[in-house]
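K.L.:
This one is upload_35.cif, mmCIF, C-alpha atoms and all ligand atoms.
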data_upload
loop_
_atom_site.label_atom_id
_atom_site.label_comp_id
_atom_site.auth_asym_id
_atom_site.auth_seq_id
_atom_site.Cartn_x
_atom_site.Cartn_y
_atom_site.Cartn_z
CA MET C 22 -36.94 -2.49 1.05
CA CYS C 23 -37.86 -3.34 -2.58
CA SER C 24 -35.69 -5.99 -4.24
CA GLU C 25 -33.93 -3.50 -6.57
CA VAL C 26 -32.93 -1.26 -3.65
CA ALA C 27 -31.90 -4.32 -1.60
CA ALA C 28 -29.71 -5.56 -4.49
CA GLU C 29 -28.13 -2.11 -4.80
CA ALA C 30 -27.43 -2.00 -1.04
CA PHE C 31 -25.81 -5.44 -1.27
CA HIS C 32 -23.66 -4.22 -4.16
CA ASN C 33 -22.59 -1.08 -2.27
CA LYS C 34 -21.59 -3.06 0.84
CA GLN C 35 -19.64 -5.51 -1.34
CA LYS C 36 -17.88 -2.54 -2.96
CA MET C 37 -16.80 -1.16 0.43
CA GLU C 38 -15.62 -4.57 1.63
CA ARG C 39 -13.69 -5.35 -1.55
CA VAL C 40 -12.28 -1.95 -2.41
CA PHE C 41 -11.92 0.19 0.69
CA SER C 42 -8.45 0.10 2.22
CA MET C 43 -5.77 2.51 3.30
CA ASN C 44 -2.82 2.94 0.96
CA ALA C 45 -0.49 -0.04 1.19
CA GLY C 46 3.26 -0.30 1.75
CA ASN C 47 5.63 2.29 3.07
CA GLY C 48 5.85 4.82 0.23
CA ASP C 49 5.20 8.56 0.19
CA TYR C 50 1.41 8.18 -0.05
CA SER C 51 1.09 5.12 2.21
CA TYR C 52 -1.06 5.07 5.35
CA ALA C 53 2.05 3.99 7.26
CA GLN C 54 3.73 7.30 6.32
CA ASN C 55 0.64 9.48 6.65
CA SER C 56 -0.93 8.49 9.94
CA THR C 57 0.98 10.51 12.53
CA TRP C 58 -2.20 12.52 13.18
CA GLN C 59 -3.99 9.32 14.23
CA LYS C 60 -0.94 8.24 16.24
CA ASP C 61 -0.84 11.55 18.15
CA GLU C 62 -4.57 11.32 18.87
CA LEU C 63 -4.15 7.75 20.11
CA LEU C 64 -1.42 8.89 22.47
CA ARG C 65 -3.70 11.68 23.69
CA ALA C 66 -6.35 9.04 24.50
CA LYS C 67 -3.83 6.98 26.49
CA SER C 68 -4.94 8.20 29.92
CA GLU C 69 -8.54 7.09 29.18
CA LEU C 70 -7.22 3.72 28.00
CA GLU C 71 -5.21 3.43 31.21
CA GLU C 72 -8.31 4.23 33.24
CA CYS C 73 -10.37 1.70 31.25
CA ILE C 74 -7.89 -1.08 32.04
CA LYS C 75 -7.21 0.02 35.64
CA SER C 76 -10.89 0.07 36.58
CA TRP C 77 -11.55 -3.30 34.87
CA LYS C 78 -12.47 -5.63 37.72
CA THR C 79 -13.49 -8.89 36.07
CA ILE C 80 -10.38 -9.79 34.16
CA LEU C 81 -7.78 -11.15 36.52
CA GLU C 82 -8.16 -14.89 35.96
CA CYS C 83 -7.29 -15.60 32.34
CA GLU C 84 -4.62 -17.97 31.09
CA THR C 85 -4.76 -16.56 27.59
CA LEU C 86 -6.11 -13.08 27.13
CA CYS C 87 -7.57 -12.43 23.67
CA ILE C 88 -7.41 -8.91 22.27
CA ALA C 89 -8.77 -7.67 18.93
CA ASP C 90 -7.82 -4.47 17.10
CA LEU C 91 -10.69 -3.82 14.69
CA GLY C 92 -9.85 -1.70 11.64
CA CYS C 93 -6.12 -1.95 12.46
CA SER C 94 -4.91 -0.98 8.95
CA CYS C 95 -1.34 -1.69 7.88
CA GLY C 96 0.80 0.86 9.68
CA PRO C 97 2.79 1.15 12.88
CA ASN C 98 -0.21 2.43 14.90
CA ALA C 99 -1.56 -1.12 15.23
CA LEU C 100 1.67 -2.29 16.88
CA LEU C 101 1.86 0.78 19.10
CA ILE C 102 -1.64 0.14 20.39
CA THR C 103 -0.92 -3.53 21.09
CA GLU C 104 2.19 -2.59 23.00
CA ILE C 105 0.29 -0.04 25.12
CA ILE C 106 -2.61 -2.42 25.87
CA THR C 107 -0.48 -5.48 26.69
CA THR C 108 1.85 -3.41 28.90
CA LEU C 109 -1.09 -1.95 30.84
CA ILE C 110 -2.68 -5.37 31.35
CA ARG C 111 0.66 -6.95 32.25
CA ASN C 112 1.21 -4.25 34.91
CA LYS C 113 -2.28 -4.82 36.26
CA TYR C 114 -1.65 -8.55 36.72
CA ALA C 115 1.80 -7.97 38.21
CA HIS C 116 0.35 -5.36 40.60
CA ASN C 117 -2.16 -7.97 41.82
CA GLY C 118 0.56 -10.62 42.17
CA ILE C 119 -1.04 -12.88 39.54
CA ARG C 120 0.76 -14.76 36.75
CA VAL C 121 0.66 -12.63 33.63
CA PRO C 122 -1.44 -14.34 30.91
CA ASP C 123 -0.36 -15.13 27.37
CA PHE C 124 -1.72 -12.62 24.90
CA HIS C 125 -3.39 -13.55 21.63
CA VAL C 126 -3.86 -10.46 19.45
CA PHE C 127 -6.15 -10.49 16.42
CA TYR C 128 -5.57 -7.82 13.79
CA ASN C 129 -8.75 -7.18 11.83
CA ASP C 130 -9.38 -5.10 8.75
CA LEU C 131 -11.18 -5.37 5.42
CA PRO C 132 -9.81 -8.07 3.08
CA SER C 133 -8.26 -5.54 0.68
CA THR C 134 -5.93 -4.30 3.45
CA ASP C 135 -2.19 -4.77 3.01
CA PHE C 136 -1.80 -7.34 5.82
CA ASN C 137 1.67 -8.25 4.47
CA THR C 138 3.10 -4.88 5.49
CA LEU C 139 1.59 -5.36 8.94
CA PHE C 140 2.98 -8.90 9.25
CA ARG C 141 6.41 -7.65 8.16
CA LEU C 142 6.33 -4.99 10.88
CA LEU C 143 5.27 -7.67 13.36
CA SER C 144 8.08 -9.99 12.43
CA ALA C 145 10.61 -7.27 13.21
CA ALA C 146 10.71 -9.02 16.63
CA PRO C 147 9.26 -7.04 19.53
CA PRO C 148 11.20 -7.17 22.78
CA VAL C 149 10.50 -10.36 24.75
CA GLU C 150 8.56 -8.72 27.58
CA THR C 151 5.98 -7.32 25.16
CA SER C 152 5.63 -10.43 23.01
CA TYR C 153 2.28 -11.93 22.04
CA PHE C 154 0.77 -14.38 19.57
CA ALA C 155 -0.67 -12.56 16.56
CA ALA C 156 -3.15 -13.40 13.81
CA GLY C 157 -4.82 -11.51 10.95
CA VAL C 158 -8.61 -11.59 10.64
CA PRO C 159 -9.90 -10.22 7.32
CA GLY C 160 -13.56 -9.15 7.21
CA SER C 161 -15.97 -6.38 8.04
CA PHE C 162 -16.41 -5.55 11.71
CA TYR C 163 -20.07 -4.93 10.93
CA THR C 164 -20.38 -8.73 10.72
CA ARG C 165 -19.41 -11.63 13.00
CA LEU C 166 -15.63 -12.21 12.99
CA PHE C 167 -14.89 -14.38 16.05
CA PRO C 168 -16.35 -17.41 17.88
CA PRO C 169 -18.80 -16.79 20.72
CA LYS C 170 -17.33 -15.45 23.97
CA SER C 171 -13.77 -15.54 22.68
CA LEU C 172 -12.55 -11.94 23.15
CA HIS C 173 -11.57 -10.20 26.39
CA PHE C 174 -10.59 -6.78 25.09
CA VAL C 175 -11.51 -5.00 21.86
CA HIS C 176 -9.82 -1.89 20.57
CA SER C 177 -10.80 0.13 17.52
CA SER C 178 -9.42 3.51 16.50
CA PHE C 179 -10.43 5.89 13.72
CA SER C 180 -12.42 3.20 11.94
CA LEU C 181 -16.04 3.29 13.11
CA HIS C 182 -16.80 6.58 11.35
CA TRP C 183 -16.45 4.64 8.06
CA LEU C 184 -19.87 3.32 7.10
CA SER C 185 -20.58 -0.04 5.50
CA GLN C 186 -22.02 1.86 2.53
CA VAL C 187 -23.25 5.26 1.36
CA PRO C 188 -26.97 5.49 2.25
CA PRO C 189 -28.58 4.17 -0.98
CA GLN C 190 -31.05 7.09 -1.44
CA VAL C 191 -28.13 9.54 -1.66
CA GLU C 192 -27.03 7.97 -4.96
CA ASP C 193 -30.51 7.23 -6.28
CA LYS C 194 -31.48 9.61 -9.12
CA ASN C 195 -35.15 9.09 -8.31
CA SER C 196 -34.83 10.04 -4.68
CA LYS C 197 -35.26 13.56 -3.29
CA LEU C 198 -32.06 12.86 -1.36
CA TRP C 199 -30.01 12.40 -4.57
CA ASN C 200 -26.83 14.38 -3.86
CA LYS C 201 -26.20 15.54 -7.42
CA GLY C 202 -22.86 17.30 -7.95
CA ARG C 203 -21.74 16.90 -4.32
CA ILE C 204 -20.07 14.12 -2.38
CA TYR C 205 -21.20 14.59 1.22
CA ILE C 206 -23.61 16.37 3.58
CA SER C 207 -23.26 20.08 2.82
CA GLU C 208 -25.21 23.24 3.51
CA LYS C 209 -26.42 23.39 -0.11
CA GLY C 210 -27.20 19.67 -0.42
CA PRO C 211 -30.71 18.16 -0.29
CA ALA C 212 -32.62 18.60 2.97
CA GLY C 213 -32.74 15.37 4.94
CA ILE C 214 -29.50 13.88 3.61
CA GLU C 215 -27.97 14.21 7.10
CA ASP C 216 -30.80 12.02 8.49
CA ALA C 217 -30.14 9.35 5.84
CA TYR C 218 -26.47 9.32 6.88
CA PHE C 219 -27.46 9.14 10.55
CA ALA C 220 -29.83 6.22 9.85
CA GLN C 221 -27.00 4.37 8.06
CA PHE C 222 -24.69 5.03 11.01
CA GLN C 223 -27.32 3.73 13.46
CA GLU C 224 -27.80 0.56 11.42
CA ASP C 225 -24.04 -0.05 11.13
CA PHE C 226 -23.20 0.72 14.76
CA ASN C 227 -26.01 -1.56 15.88
CA CYS C 228 -24.58 -4.39 13.70
CA PHE C 229 -21.16 -3.74 15.26
CA LEU C 230 -22.54 -3.90 18.81
CA ARG C 231 -24.65 -7.00 18.15
CA ALA C 232 -21.70 -8.88 16.64
CA ARG C 233 -19.38 -7.91 19.52
CA ALA C 234 -22.07 -8.75 22.09
CA LYS C 235 -21.77 -12.38 20.92
CA GLU C 236 -17.97 -12.40 20.76
CA VAL C 237 -16.90 -10.56 23.91
CA VAL C 238 -16.95 -12.49 27.22
CA GLU C 239 -19.18 -11.16 29.98
CA GLY C 240 -17.24 -8.45 31.80
CA GLY C 241 -14.94 -7.98 28.77
CA ARG C 242 -14.24 -4.44 27.62
CA MET C 243 -14.10 -2.40 24.41
CA PHE C 244 -12.18 0.82 23.90
CA LEU C 245 -13.36 2.73 20.83
CA VAL C 246 -11.96 5.98 19.43
CA LEU C 247 -13.67 7.59 16.45
CA ASN C 248 -14.03 10.93 14.73
CA GLY C 249 -17.14 12.76 15.87
CA ARG C 250 -18.98 16.07 16.15
CA LEU C 251 -18.81 18.65 18.86
CA ASN C 252 -22.34 19.92 18.25
CA ALA C 253 -25.65 18.11 18.23
CA GLY C 254 -26.81 19.70 14.92
CA ARG C 255 -26.32 17.23 12.10
CA ARG C 256 -26.31 19.80 9.32
CA ARG C 257 -23.65 22.04 10.81
CA PRO C 258 -20.43 21.23 8.93
CA THR C 259 -17.56 19.44 10.67
CA SER C 260 -13.94 19.74 9.59
CA SER C 261 -14.21 16.41 7.79
CA ALA C 262 -17.41 17.52 6.03
CA LEU C 263 -15.61 20.67 4.85
CA CYS C 264 -12.65 18.62 3.62
CA TRP C 265 -15.03 16.30 1.74
CA GLU C 266 -16.76 19.35 0.28
CA ALA C 267 -13.38 20.65 -0.89
CA LEU C 268 -12.70 17.24 -2.48
CA GLY C 269 -16.09 17.57 -4.20
CA PHE C 270 -15.01 20.98 -5.61
CA ALA C 271 -11.75 19.45 -6.87
CA ILE C 272 -13.76 16.69 -8.62
CA GLN C 273 -16.10 19.33 -10.13
CA ASP C 274 -13.01 21.16 -11.50
CA LEU C 275 -11.83 17.96 -13.17
CA VAL C 276 -15.35 17.47 -14.58
CA SER C 277 -15.19 20.94 -16.13
CA GLN C 278 -11.76 20.14 -17.62
CA GLY C 279 -13.29 17.02 -19.20
CA LEU C 280 -11.07 14.68 -17.15
CA ILE C 281 -13.98 13.16 -15.19
CA GLU C 282 -17.49 12.41 -16.48
CA GLU C 283 -20.25 14.27 -14.65
CA GLU C 284 -22.09 10.99 -14.20
CA LYS C 285 -19.14 9.70 -12.14
CA LEU C 286 -19.32 12.71 -9.82
CA ASN C 287 -23.08 12.27 -9.42
CA SER C 288 -22.65 8.67 -8.30
CA PHE C 289 -19.85 9.16 -5.76
CA ASN C 290 -20.35 9.97 -2.06
CA MET C 291 -18.36 9.54 1.10
CA PRO C 292 -19.24 6.48 3.23
CA TYR C 293 -18.55 8.44 6.39
CA TYR C 294 -20.36 9.84 9.44
CA ASP C 295 -19.25 12.03 12.36
CA ALA C 296 -21.37 10.96 15.34
CA PHE C 297 -22.32 13.13 18.31
CA GLU C 298 -21.62 11.68 21.77
CA ASP C 299 -25.33 11.34 22.67
CA GLU C 300 -25.97 9.47 19.41
CA LEU C 301 -23.35 6.89 20.41
CA ARG C 302 -24.59 6.55 23.97
CA SER C 303 -28.17 6.12 22.85
CA GLU C 304 -27.22 3.35 20.35
CA VAL C 305 -25.32 1.52 23.12
CA ASP C 306 -28.30 1.82 25.48
CA LYS C 307 -30.75 0.73 22.77
CA GLU C 308 -28.76 -2.40 21.86
CA GLY C 309 -28.44 -3.20 25.56
CA SER C 310 -25.51 -5.66 25.77
CA PHE C 311 -22.85 -3.17 26.91
CA ASN C 312 -22.60 -0.58 29.67
CA VAL C 313 -20.83 2.71 29.09
CA VAL C 314 -17.89 2.89 31.51
CA GLY C 315 -16.22 5.94 29.95
CA LEU C 316 -17.13 8.61 27.40
CA LYS C 317 -14.89 11.54 26.60
CA VAL C 318 -14.83 14.10 23.82
CA ASN C 319 -11.36 15.31 22.81
CA ILE C 320 -10.94 18.41 20.70
CA ASN C 321 -8.08 17.56 18.36
CA TYR C 322 -5.08 19.81 18.48
CA ASP C 323 -3.97 21.66 15.34
CA ASP C 324 -0.85 19.84 14.20
CA LEU C 325 -0.51 22.06 11.11
CA GLU C 326 -0.22 25.42 12.85
CA GLU C 327 3.41 25.95 11.87
CA PHE C 328 2.81 25.46 8.11
CA ASP C 329 1.80 28.03 5.48
CA ASP C 330 -1.46 27.62 3.54
CA LYS C 331 0.15 25.91 0.54
CA ASP C 332 1.93 23.33 2.70
CA LYS C 333 -1.20 22.74 4.78
CA GLY C 334 -3.01 22.01 1.49
CA ILE C 335 -0.30 19.56 0.44
CA ILE C 336 -0.25 17.77 3.82
CA ILE C 337 -4.05 17.44 4.08
CA SER C 338 -4.15 16.22 0.48
CA LYS C 339 -1.53 13.52 1.20
CA GLN C 340 -3.31 12.40 4.35
CA THR C 341 -6.59 12.18 2.44
CA ARG C 342 -4.95 10.33 -0.45
CA ALA C 343 -3.62 7.71 2.00
CA LEU C 344 -7.24 7.09 3.07
CA LEU C 345 -9.10 7.39 -0.21
CA GLU C 346 -6.84 6.62 -3.17
CA ASN C 347 -8.15 3.07 -3.61
CA LEU C 348 -11.79 4.13 -3.46
CA ILE C 349 -11.16 7.07 -5.83
CA SER C 350 -9.25 4.96 -8.38
CA TYR C 351 -11.95 2.29 -8.32
CA HIS C 352 -14.69 4.83 -9.01
CA PHE C 353 -12.99 7.44 -11.23
CA GLY C 354 -10.08 5.46 -12.69
CA GLU C 355 -6.41 5.40 -11.72
CA GLY C 356 -5.54 7.97 -14.38
CA VAL C 357 -7.14 10.91 -12.52
CA VAL C 358 -5.64 10.31 -9.08
CA ASP C 359 -2.55 12.59 -9.36
CA ALA C 360 -4.50 15.41 -10.99
CA LEU C 361 -7.32 15.14 -8.45
CA PHE C 362 -5.18 15.24 -5.31
CA ASN C 363 -3.03 17.98 -6.80
CA ARG C 364 -6.16 20.08 -7.43
CA TYR C 365 -7.49 19.15 -3.96
CA SER C 366 -4.38 20.50 -2.22
CA LYS C 367 -5.00 23.84 -3.98
CA VAL C 368 -8.70 23.95 -3.08
CA ILE C 369 -7.76 23.26 0.55
CA ALA C 370 -5.10 25.99 0.52
CA ALA C 371 -7.59 28.49 -0.97
CA ASN C 372 -10.21 27.69 1.71
CA ILE C 373 -7.81 27.31 4.59
CA ILE C 374 -9.36 30.06 6.75
CA GLN C 375 -12.69 28.25 6.97
CA ILE C 376 -11.00 24.87 7.29
CA ASP C 377 -8.69 26.14 10.05
CA GLU C 378 -11.75 27.39 11.95
CA LEU C 379 -13.38 23.98 11.79
CA LEU C 380 -10.14 22.09 12.44
CA LYS C 381 -10.14 23.81 15.82
CA GLU C 382 -13.42 22.00 16.52
CA SER C 383 -12.42 18.64 15.07
CA THR C 384 -13.31 16.00 17.55
CA SER C 385 -12.45 12.47 18.65
CA ILE C 386 -14.90 10.55 20.80
CA ILE C 387 -13.53 7.98 23.21
CA LEU C 388 -16.04 5.35 24.27
CA ALA C 389 -15.22 2.63 26.81
CA LEU C 390 -17.78 -0.19 27.14
CA GLU C 391 -18.14 -3.29 29.29
CA ARG C 392 -20.05 -6.40 28.20
CA ALA C 393 -22.91 -6.70 30.66
CA ILE C 394 -22.86 -9.67 33.02
CA SER C 395 -26.09 -11.65 32.93
CA THR C 396 -27.76 -12.10 36.29
C1 LIG C 401 -7.94 5.51 9.36
S1 LIG C 401 -7.66 3.79 9.43
C2 LIG C 401 -7.31 3.57 11.16
C3 LIG C 401 -6.19 2.59 11.35
C4 LIG C 401 -5.69 2.43 12.79
N1 LIG C 401 -6.70 1.87 13.64
C5 LIG C 401 -5.19 3.74 13.35
O1 LIG C 401 -5.73 4.21 14.35
O2 LIG C 401 -4.25 4.30 12.79
C6 LIG C 401 -9.33 3.14 9.32
C7 LIG C 401 -9.32 1.63 9.07
O3 LIG C 401 -10.64 1.11 9.27
C8 LIG C 401 -10.81 0.09 8.33
N2 LIG C 401 -12.24 -0.21 8.17
C9 LIG C 401 -13.22 0.60 7.70
N3 LIG C 401 -14.39 -0.04 7.68
C10 LIG C 401 -14.15 -1.29 8.16
C11 LIG C 401 -14.96 -2.44 8.38
N4 LIG C 401 -16.28 -2.41 8.10
N5 LIG C 401 -14.39 -3.55 8.89
C12 LIG C 401 -13.07 -3.60 9.18
N6 LIG C 401 -12.23 -2.53 8.98
C13 LIG C 401 -12.77 -1.41 8.47
C14 LIG C 401 -10.18 0.66 7.07
O4 LIG C 401 -9.94 -0.32 6.09
C15 LIG C 401 -8.93 1.29 7.65
O5 LIG C 401 -7.83 0.43 7.63
#
Mind turning this structure into structure tokens?
Ligand SMILES: C[S@@+](CC[C@H](N)C(=O)[O-])C[C@H]1O[C@@H](n2cnc3c(N)ncnc32)[C@H](O)[C@@H]1O
P.N.:
Amino acid sequence: MCSEVAAEAFHNKQKMERVFSMNAGNGDYSYAQNSTWQKDELLRAKSELEECIKSWKTILECETLCIADLGCSCGPNALLITEIITTLIRNKYAHNGIRVPDFHVFYNDLPSTDFNTLFRLLSAAPPVETSYFAAGVPGSFYTRLFPPKSLHFVHSSFSLHWLSQVPPQVEDKNSKLWNKGRIYISEKGPAGIEDAYFAQFQEDFNCFLRARAKEVVEGGRMFLVLNGRLNAGRRRPTSSALCWEALGFAIQDLVSQGLIEEEKLNSFNMPYYDAFEDELRSEVDKEGSFNVVGLKVNINYDDLEEFDDKDKGIIISKQTRALLENLISYHFGEGVVDALFNRYSKVIAANIIQIDELLKESTSIILALERAIST
């Protein structure tokens, strides 16, 4: 990597770490109020989580069991997950007639996350039988976050599809992968852009695995849920890719109204990748510290079926705003946010037939891993 490109990559990663965060608080556009889709998908993955904990052989001798939720965000889903995991582990110990350990739960997310909202939710006293010690850990999960061999169980949901940065070539005017006028992989975008995104995903996922390999005790487990693709082909659009394309159209509309400079559109892309199950498995095998103990692909159900096109547009726009408002305001300016998401809801409504088709294929991948035991 030449020094200019390396400096740019450093800047992009810093931007993600400093700026990216779900919408704070509890208001209408907050992540807390717009994450029922993620909650429902987490509940649908519960039987795999149960299986992951039930089949876990090496964990019955801890005094304090350390759990991390990586990319926990600031809503109620983080607490729901902790309650499910601690209850399952508690039952496992009780079933084996062993004293239930104390739980130490680490909530991790990027530093710009609204940890205060999370801590407030936490302090609304959980019932005694599900209590645990809690701590916040700000930082990127693509780096080291914990001391060596200090974690027994790692959970991460709907976070690992967010990349540490947009692949640098995609925003480089001198590259044949420059994605001028668009914001993600699309059928009309430059050939090869999907491979640049895949390479960025490989690099990031490898950093994630290498960091966790140091932090998780031998025999410890990880339960990861992330958005993914149903088909191997990287250029075939996913529902997320189509939603990002629709957001790109909404930005283009604001460019033509003179509300956004074209230059701003040409330098904005989504730091996001939908992996295919084999891509995940092969990265785990390549890194070598974890064994796959469960891999399942869930087709997400359509939670918007009952709504008309206009309302579907409004709901998808609000959900997207809860994820992206901070990134959008940083790049395009706060002043355009209302107009942009208003326009986006209309673009979604106008393209709902195609989006509905792809929503039927929208996919979560559930990956359960065990830290290999050295012989
Ligand atoms: C859609 S939210 C998921 C929140 C929660 N886990 C759930 O299932 O509802 C994705 C979260 O991942 C976090 N995230 C993205 N990249 C991250 C990184 N490199 N390190 C830590 N957190 C990250 C985001 O800040 C965001 O809070």
K.L.:
Can you list, as a PyMOL selection string, every protein, DNA or RNA residue that comes within 10 Å of segment 103-105 of chain C when you count all atoms listed in the file, leaving out same-chain residues fewer than 6 positions away?
P.N.:
chain C and resi 64+67+70-71+88-90+111+124+126-128+147+150-153+176
K.L.:
Excluding same-chain residues fewer than 6 positions from segment 242-254 of chain C, what lies within 6 Å of it counting only C-alpha atoms, as a ChimeraX atom specification?
P.N.:
/C:174-179,181,295-297,384-391
K.L.:
Can you work out which one of C:Phe140, C:Tyr114, C:Phe353, C:Phe311 has the shortest atom-to-atom distance to Glu283 of chain C, counting all atoms listed in the file?
P.N.:
C:Phe353
K.L.:
Which residues form the shell of 8 Å around ligand LIG 401 (chain C) when you count all atoms listed in the file, given as an MDAnalysis selection string?
P.N.:
chainID C and resid 37:38 41:43 52 56 59:60 63 90:99 129:131 133:134 159:164 177:185 344
K.L.:
Between atom CA of Leu86 of chain C and atom CA of Asp225 of chain C, measure the distance and give it in Å to one decimal.
P.N.:
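That distance, rounded to one decimal, is 27.3 Å.
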K.L.:
Taking into account only C-alpha atoms, which residue in the set C:Gly356, C:Gly269, C:Pro292, C:Gly240 is nearest to Val191 of chain C?
P.N.:
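Among C:Gly356, C:Gly269, C:Pro292, C:Gly240, it is C:Pro292 that comes nearest to Val191 of chain C.
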K.L.:
Quick one: of C:Ile281, C:Ser303, C:Asp329, C:Val158, who's nearest to Ile349 of chain C, counting only C-alpha atoms?
P.N.:
C:Ile281
K.L.:
Take the point (-14.4, 22.0, 9.2) in the file's coordinates, draw a sphere of radius 7 Å around it, and report as an NGL selection string every protein, DNA or RNA residue with an atom inside or on it, counting only C-alpha atoms.
P.N.:
:C and (258-264 or 375-376 or 378-380)
K.L.:
Please list as a count of residues only every residue within 7 Å of Leu172 of chain C, counting only C-alpha atoms and excluding residues in the same chain fewer than 6 positions away.
P.N.:
5
K.L.:
Could you tell me how far atom CA of Leu280 of chain C lies from atom CA of Ile373 of chain C, in Å and to one decimal?
P.N.:
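Going from atom CA of Leu280 of chain C over to atom CA of Ile373 of chain C covers 25.4 Å.
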K.L.:
How many Å separate atom CA of Ser277 of chain C from atom CA of Gly202 of chain C?
P.N.:
11.8 Å
K.L.:
Restricting the calculation to all atoms listed in the file, which member of C:Lys197, C:Lys36, C:Ala234, C:Ile80 is positioned closest to Tyr351 of chain C?
P.N.:
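The answer is C:Lys36, which sits nearest to Tyr351 of chain C.
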K.L.:
I need the residue nearest Leu345 of chain C from this list: C:Ala371, C:Ala45, C:Ile74, C:Leu275. Use only C-alpha atoms for the distance.
P.N.:
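When distances to Leu345 of chain C are compared using only C-alpha atoms, the smallest one comes from C:Ala45.
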K.L.:
Return the single residue from C:Lys34, C:Arg364, C:Arg256, C:Arg39 that is closest to Pro132 of chain C, with distances computed using all atoms listed in the file.
P.N.:
C:Arg39
K.L.:
Residues near Ser196 of chain C, anyone? I mean within 12 Å using all atoms listed in the file, not counting same-chain ones fewer than 6 positions away, as JSON, numbers by chain.
P.N.:
{"C": [26, 188, 189, 190, 211, 212, 213, 214, 217]}
K.L.:
Would you give the centre and edge lengths, in Å to one decimal, of a box along x, y and z around the listed atoms of segment 341-349 of chain C, with 4 Å added to each side, as lines of an AutoDock Vina configuration file?
P.N.:
center_x = -7.7
center_y = 7.6
center_z = -1.4
size_x = 16.2
size_y = 17.1
size_z = 16.9
K.L.:
Could segment 378-393 of chain C be completed with N, CA and C atoms and returned as an mmCIF file, in the frame of the given file?
P.N.:
data_model
loop_
_atom_site.group_PDB
_atom_site.id
_atom_site.type_symbol
_atom_site.label_atom_id
_atom_site.label_comp_id
_atom_site.auth_asym_id
_atom_site.auth_seq_id
_atom_site.Cartn_x
_atom_site.Cartn_y
_atom_site.Cartn_z
ATOM 1 N N GLU C 378 -10.736 27.144 10.920
ATOM 2 C CA GLU C 378 -11.750 27.390 11.950
ATOM 3 C C GLU C 378 -12.375 26.083 12.421
ATOM 4 N N LEU C 379 -12.729 25.238 11.427
ATOM 5 C CA LEU C 379 -13.380 23.980 11.790
ATOM 6 C C LEU C 379 -12.403 22.958 12.350
ATOM 7 N N LEU C 380 -11.128 23.039 11.896
ATOM 8 C CA LEU C 380 -10.140 22.090 12.440
ATOM 9 C C LEU C 380 -10.009 22.301 13.948
ATOM 10 N N LYS C 381 -10.230 23.548 14.380
ATOM 11 C CA LYS C 381 -10.140 23.810 15.820
ATOM 12 C C LYS C 381 -11.245 23.083 16.590
ATOM 13 N N GLU C 382 -12.312 22.717 15.863
ATOM 14 C CA GLU C 382 -13.420 22.000 16.520
ATOM 15 C C GLU C 382 -13.380 20.508 16.216
ATOM 16 N N SER C 383 -12.343 20.040 15.498
ATOM 17 C CA SER C 383 -12.420 18.640 15.070
ATOM 18 C C SER C 383 -12.243 17.745 16.303
ATOM 19 N N THR C 384 -13.000 16.694 16.303
ATOM 20 C CA THR C 384 -13.310 16.000 17.550
ATOM 21 C C THR C 384 -13.076 14.501 17.469
ATOM 22 N N SER C 385 -12.468 13.942 18.526
ATOM 23 C CA SER C 385 -12.450 12.470 18.650
ATOM 24 C C SER C 385 -13.349 12.101 19.826
ATOM 25 N N ILE C 386 -14.091 11.027 19.674
ATOM 26 C CA ILE C 386 -14.900 10.550 20.800
ATOM 27 C C ILE C 386 -14.292 9.236 21.289
ATOM 28 N N ILE C 387 -14.111 9.181 22.591
ATOM 29 C CA ILE C 387 -13.530 7.980 23.210
ATOM 30 C C ILE C 387 -14.652 7.308 23.990
ATOM 31 N N LEU C 388 -14.921 6.057 23.647
ATOM 32 C CA LEU C 388 -16.040 5.350 24.270
ATOM 33 C C LEU C 388 -15.530 4.036 24.847
ATOM 34 N N ALA C 389 -15.647 3.889 26.172
ATOM 35 C CA ALA C 389 -15.220 2.630 26.810
ATOM 36 C C ALA C 389 -16.480 1.882 27.254
ATOM 37 N N LEU C 390 -16.572 0.612 26.876
ATOM 38 C CA LEU C 390 -17.780 -0.190 27.140
ATOM 39 C C LEU C 390 -17.423 -1.483 27.852
ATOM 40 N N GLU C 391 -18.347 -1.969 28.675
ATOM 41 C CA GLU C 391 -18.140 -3.290 29.290
ATOM 42 C C GLU C 391 -19.318 -4.191 28.935
ATOM 43 N N ARG C 392 -18.996 -5.436 28.527
ATOM 44 C CA ARG C 392 -20.050 -6.400 28.200
ATOM 45 C C ARG C 392 -20.806 -6.724 29.482
ATOM 46 N N ALA C 393 -22.127 -6.503 29.450
ATOM 47 C CA ALA C 393 -22.910 -6.700 30.660
ATOM 48 C C ALA C 393 -22.839 -8.145 31.121
#
